[in-house]
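All remarks here apply to the structure that follows.
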Amino acid sequence: MKYTSVKTPSESFLKLFYENLCSNHIVHNFLSLISEASNGDFYVFGGSLRRTLLGGDFDGDVDIMVDNNDDRVFDFLEDHKVSFELNRRKHRRYKWHSFQFDINKPVEWDTSFLNVTDVLLHFDLNINSLAIHFGSKSVLDPYKVLDRTPILYPGINWNRWRSISESEVTILAIRLVKILRQNSFLRLSCDEVSELRNTVLPKCERVDWGPHENRYGGGQQAFLNELVELINRKTITNENDCQNGGINA
């Protein structure tokens, strides 16, 4: 697919995605195969699109979603004897050369979810809430992330964070720390800092760290120190923002 001009944020984002796709023959090959089997009727979403949004490329895993009543991709992979294992969420994870492809349906995230947008609205960060329909080359952007460029904030979805257990909050906090560490230009708003300080940090202090060792191998105290340091360092501070006095772990 060729682009001769860029007129909208969505077109710019699509251009970056397809440039990344064309430069990665493993991902390109896999998506092309399942596109033939499904007439392109699936969505790419998740970390690969976040990395594209923030200037990165494909890195080891790609998330794919199909509609609730559509088994064509699964049937194709089964017919070609591509095996899978279940990930932490009990979604099917297929290995293809050096990449893994997690493929799921909206109902596998929550039995009440009817479509892909329901899932995107459920994600922890707004910058994780983008999806591309592969066949039509259209972008789903329920939080209008692409309308707010350049991207400065991760956009924490507090409805999600407040509805889950302390262990799940810790998983999201570890992921947030990694994203902030890898993307030095991202900042936290005053409201985000307040909620992280007053609600998230105490939950991460109380949680049983054992299940999280493989996500952040430095140990609980090292994680807490990094979270506090990022909260302090990445707060937007100017005359129009709230004052931040800093916190200690």
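Identifiers for the structure tokens are assigned positionally: chains receive A, B, ... in sequence, residues are indexed from 1 per chain, and ligands are indexed from 1 in the order shown.
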Distance query His80 (chain A) at most 12 Å, only C-alpha atoms, self and fewer than 5 positions along chain excluded, as number ranges by chain: A: 33-34, 37, 73-75
Closest-contact table, region 97-139 of chain A side, partner region 160-163 of chain A, 10 Å, counting only C-alpha atoms, as JSON lines:
{"residue": "A:Leu121", "atom": "CA", "partner": "A:Arg160", "partner_atom": "CA", "distance": 8.9}
{"residue": "A:His122", "atom": "CA", "partner": "A:Arg160", "partner_atom": "CA", "distance": 6.2}
{"residue": "A:Phe123", "atom": "CA", "partner": "A:Arg160", "partner_atom": "CA", "distance": 6.8}
{"residue": "A:Asp124", "atom": "CA", "partner": "A:Arg160", "partner_atom": "CA", "distance": 5.9}
{"residue": "A:Leu125", "atom": "CA", "partner": "A:Arg160", "partner_atom": "CA", "distance": 8.9}
Where does region 54-130 of chain A meet region 171-185 of chain A within 12 Å, residue by residue, with the nearest atom pair and distance in Å to one decimal for each, counting only C-alpha atoms, listed by chain and rising number, as a Markdown table?
| residue | atom | partner | partner_atom | distance |
| --- | --- | --- | --- | --- |
| A:Leu54 | CA | A:Asn183 | CA | 7.5 |
| A:Gly55 | CA | A:Asn183 | CA | 9.2 |
| A:Gly56 | CA | A:Asn183 | CA | 9.8 |
| A:Arg88 | CA | A:Ile171 | CA | 11.7 |
| A:Phe123 | CA | A:Leu172 | CA | 9.9 |
| A:Asp124 | CA | A:Leu172 | CA | 7.0 |
| A:Leu125 | CA | A:Leu176 | CA | 8.4 |
| A:Asn126 | CA | A:Leu176 | CA | 11.7 |
| A:Ile127 | CA | A:Ile179 | CA | 10.4 |
| A:Asn128 | CA | A:Ile179 | CA | 10.8 |
Restrict the selected residues to all heavy atoms and save them as a short mmCIF file (atom, residue, chain, number, x, y, z; two decimals), in the first residue's frame.
data_model
loop_
_atom_site.label_atom_id
_atom_site.label_comp_id
_atom_site.auth_asym_id
_atom_site.auth_seq_id
_atom_site.Cartn_x
_atom_site.Cartn_y
_atom_site.Cartn_z
N LEU A 54 4.56 5.58 19.45
CA LEU A 54 5.62 6.27 20.17
C LEU A 54 6.96 6.23 19.44
O LEU A 54 7.98 6.59 20.01
CB LEU A 54 5.77 5.66 21.57
CG LEU A 54 4.51 5.74 22.45
CD1 LEU A 54 4.75 5.08 23.80
CD2 LEU A 54 4.05 7.18 22.63
N GLY A 55 6.95 5.77 18.19
CA GLY A 55 8.15 5.84 17.36
C GLY A 55 8.98 4.58 17.32
O GLY A 55 10.10 4.61 16.80
N GLY A 56 8.45 3.46 17.82
CA GLY A 56 9.19 2.21 17.80
C GLY A 56 8.74 1.30 16.67
O GLY A 56 8.09 1.74 15.72
N ARG A 88 -1.58 -15.73 29.98
CA ARG A 88 -2.11 -15.48 31.33
C ARG A 88 -3.61 -15.23 31.32
O ARG A 88 -4.31 -15.57 32.27
CB ARG A 88 -1.37 -14.28 31.94
CG ARG A 88 -1.78 -13.91 33.34
CD ARG A 88 -0.96 -12.74 33.86
NE ARG A 88 -1.22 -11.52 33.14
CZ ARG A 88 -2.19 -10.65 33.45
NH1 ARG A 88 -2.99 -10.89 34.46
NH2 ARG A 88 -2.34 -9.55 32.74
N PHE A 123 -8.99 -0.89 28.32
CA PHE A 123 -7.54 -1.00 28.54
C PHE A 123 -7.02 0.01 29.54
O PHE A 123 -7.63 1.04 29.80
CB PHE A 123 -6.79 -0.87 27.21
CG PHE A 123 -6.86 -2.12 26.37
CD1 PHE A 123 -6.70 -2.05 25.00
CD2 PHE A 123 -7.10 -3.35 26.94
CE1 PHE A 123 -6.76 -3.19 24.22
CE2 PHE A 123 -7.17 -4.50 26.18
CZ PHE A 123 -7.00 -4.42 24.80
N ASP A 124 -5.83 -0.28 30.07
CA ASP A 124 -5.26 0.47 31.19
C ASP A 124 -4.81 1.87 30.81
O ASP A 124 -4.87 2.78 31.62
CB ASP A 124 -4.09 -0.30 31.81
CG ASP A 124 -3.00 -0.64 30.80
OD1 ASP A 124 -3.31 -0.77 29.60
OD2 ASP A 124 -1.84 -0.81 31.21
N LEU A 125 -4.32 2.05 29.59
CA LEU A 125 -3.80 3.34 29.14
C LEU A 125 -4.45 3.72 27.81
O LEU A 125 -4.65 2.86 26.94
CB LEU A 125 -2.28 3.28 28.95
CG LEU A 125 -1.43 2.87 30.15
CD1 LEU A 125 0.03 2.75 29.75
CD2 LEU A 125 -1.59 3.85 31.31
N ASN A 126 -4.70 5.00 27.63
CA ASN A 126 -5.27 5.45 26.36
C ASN A 126 -4.35 5.13 25.18
O ASN A 126 -4.82 4.84 24.08
CB ASN A 126 -5.55 6.96 26.41
CG ASN A 126 -6.68 7.30 27.35
OD1 ASN A 126 -7.33 6.43 27.93
ND2 ASN A 126 -6.92 8.60 27.55
N ILE A 127 -3.03 5.19 25.41
CA ILE A 127 -2.11 4.91 24.31
C ILE A 127 -2.08 3.42 23.96
O ILE A 127 -1.46 3.05 22.95
CB ILE A 127 -0.67 5.40 24.62
CG1 ILE A 127 -0.14 4.75 25.91
CG2 ILE A 127 -0.63 6.92 24.70
CD1 ILE A 127 1.33 5.07 26.17
N ASN A 128 -2.76 2.58 24.75
CA ASN A 128 -2.92 1.17 24.41
C ASN A 128 -4.24 0.88 23.71
O ASN A 128 -4.53 -0.27 23.40
CB ASN A 128 -2.84 0.31 25.67
CG ASN A 128 -1.43 0.19 26.21
OD1 ASN A 128 -0.46 0.29 25.47
ND2 ASN A 128 -1.31 -0.02 27.51
#
Which of A:Thr170, A:Asn24, A:Asn115, A:Ser32 sits closest to Phe134 (chain A) [using only C-alpha atoms]: A:Ser32
Asp208 (chain A) surroundings by only C-alpha atoms, 10 Å radius, close-in-sequence under 6 positions cut, as a VMD selection string: chain A and resid 166 to 167 170 220
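The shortest atom-to-atom distance to Glu192 (chain A), with only C-alpha atoms taken into account, belongs to A:Trp158 out of A:Phe99, A:Tyr216, A:Trp209, A:Trp158.
Between CA of Glu195 (chain A) and CA of Leu140 (chain A) the interatomic distance comes to 27.7 Å.
Taking CA of Gly219 (chain A) and CA of Asp61 (chain A) as endpoints, the distance between them is 25.1 Å.
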Spatial neighbours of Phe58 (chain A), 9 Å, only C-alpha atoms, chain gap at least 2 places, as a PyMOL selection string: chain A and resi 20-21+24+27+47-49+51-52+56+60-62
Per DSSP on the backbone, filter region 52-82 of chain A down to the residues in alpha helix (DSSP H) and report them as a PDB file with N, CA, C and O atoms, in the first residue's frame.
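Resulting contents of out-v2.pdb:
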ATOM      1  N   THR A  52       4.411   1.649  17.784  1.00  0.00           N
ATOM      2  CA  THR A  52       4.346   2.423  16.536  1.00  0.00           C
ATOM      3  C   THR A  52       4.003   3.876  16.829  1.00  0.00           C
ATOM      4  O   THR A  52       4.634   4.800  16.300  1.00  0.00           O
ATOM      5  N   LEU A  53       3.006   4.092  17.678  1.00  0.00           N
ATOM      6  CA  LEU A  53       2.576   5.442  18.041  1.00  0.00           C
ATOM      7  C   LEU A  53       3.716   6.246  18.645  1.00  0.00           C
ATOM      8  O   LEU A  53       3.859   7.446  18.387  1.00  0.00           O
ATOM      9  N   ARG A  72     -12.609 -17.880  11.437  1.00  0.00           N
ATOM     10  CA  ARG A  72     -11.838 -18.197  10.231  1.00  0.00           C
ATOM     11  C   ARG A  72     -10.338 -18.230  10.492  1.00  0.00           C
ATOM     12  O   ARG A  72      -9.636 -19.115   9.978  1.00  0.00           O
ATOM     13  N   VAL A  73      -9.812 -17.297  11.268  1.00  0.00           N
ATOM     14  CA  VAL A  73      -8.373 -17.280  11.545  1.00  0.00           C
ATOM     15  C   VAL A  73      -7.982 -18.512  12.352  1.00  0.00           C
ATOM     16  O   VAL A  73      -6.987 -19.184  12.044  1.00  0.00           O
ATOM     17  N   PHE A  74      -8.765 -18.840  13.374  1.00  0.00           N
ATOM     18  CA  PHE A  74      -8.465 -20.019  14.183  1.00  0.00           C
ATOM     19  C   PHE A  74      -8.533 -21.296  13.355  1.00  0.00           C
ATOM     20  O   PHE A  74      -7.674 -22.178  13.480  1.00  0.00           O
ATOM     21  N   ASP A  75      -9.544 -21.403  12.487  1.00  0.00           N
ATOM     22  CA  ASP A  75      -9.688 -22.591  11.655  1.00  0.00           C
ATOM     23  C   ASP A  75      -8.510 -22.720  10.693  1.00  0.00           C
ATOM     24  O   ASP A  75      -7.989 -23.833  10.467  1.00  0.00           O
ATOM     25  N   PHE A  76      -8.084 -21.601  10.128  1.00  0.00           N
ATOM     26  CA  PHE A  76      -6.946 -21.621   9.199  1.00  0.00           C
ATOM     27  C   PHE A  76      -5.681 -22.110   9.900  1.00  0.00           C
ATOM     28  O   PHE A  76      -4.958 -22.971   9.379  1.00  0.00           O
ATOM     29  N   LEU A  77      -5.412 -21.580  11.079  1.00  0.00           N
ATOM     30  CA  LEU A  77      -4.209 -21.974  11.807  1.00  0.00           C
ATOM     31  C   LEU A  77      -4.276 -23.431  12.251  1.00  0.00           C
ATOM     32  O   LEU A  77      -3.271 -24.147  12.221  1.00  0.00           O
ATOM     33  N   GLU A  78      -5.466 -23.875  12.618  1.00  0.00           N
ATOM     34  CA  GLU A  78      -5.620 -25.287  12.993  1.00  0.00           C
ATOM     35  C   GLU A  78      -5.411 -26.186  11.777  1.00  0.00           C
ATOM     36  O   GLU A  78      -4.727 -27.223  11.866  1.00  0.00           O
ATOM     37  N   ASP A  79      -5.970 -25.809  10.636  1.00  0.00           N
ATOM     38  CA  ASP A  79      -5.811 -26.608   9.413  1.00  0.00           C
ATOM     39  C   ASP A  79      -4.348 -26.722   9.006  1.00  0.00           C
ATOM     40  O   ASP A  79      -3.931 -27.741   8.432  1.00  0.00           O
TER      41      ASP A  79
END
DSSP strand (DSSP E) residues within region 49-141 of chain A, as a list in words: Asp61, Val62, Asp63, Ile64, Met65, Phe84, Glu85, Leu86, Arg92, Arg93, Tyr94, Lys95, Trp96, Phe99, Gln100, Phe101, Asp102, Ile103, Asn104, Ala131, Ile132, His133, Ser138, Val139 and Leu140 of chain A
Write to file, as a tab-separated table (two decimals), in the first residue's frame, the residues of the selection just made, with C-alpha atoms.
chain	number	residue	atom	x	y	z
A	61	ASP	CA	4.70	-9.98	20.00
A	62	VAL	CA	1.61	-8.86	18.12
A	63	ASP	CA	-1.98	-8.78	19.43
A	64	ILE	CA	-4.84	-9.65	17.09
A	65	MET	CA	-8.59	-9.65	17.65
A	84	PHE	CA	-0.84	-22.54	20.40
A	85	GLU	CA	-0.59	-22.25	24.15
A	86	LEU	CA	-2.74	-20.18	26.48
A	92	ARG	CA	-4.47	-18.34	22.34
A	93	ARG	CA	-0.79	-17.57	21.74
A	94	TYR	CA	0.74	-18.78	18.49
A	95	LYS	CA	4.49	-18.98	17.90
A	96	TRP	CA	5.65	-18.03	14.41
A	99	PHE	CA	7.40	-13.77	17.14
A	100	GLN	CA	4.32	-14.66	19.12
A	101	PHE	CA	0.79	-13.72	18.09
A	102	ASP	CA	-1.92	-13.52	20.73
A	103	ILE	CA	-5.31	-13.93	19.01
A	104	ASN	CA	-8.59	-13.49	20.83
A	131	ALA	CA	-6.62	-0.78	16.78
A	132	ILE	CA	-6.26	-1.13	13.01
A	133	HIS	CA	-8.72	-3.16	10.96
A	138	SER	CA	-9.16	1.89	9.21
A	139	VAL	CA	-8.22	3.02	12.71
A	140	LEU	CA	-10.26	2.60	15.88
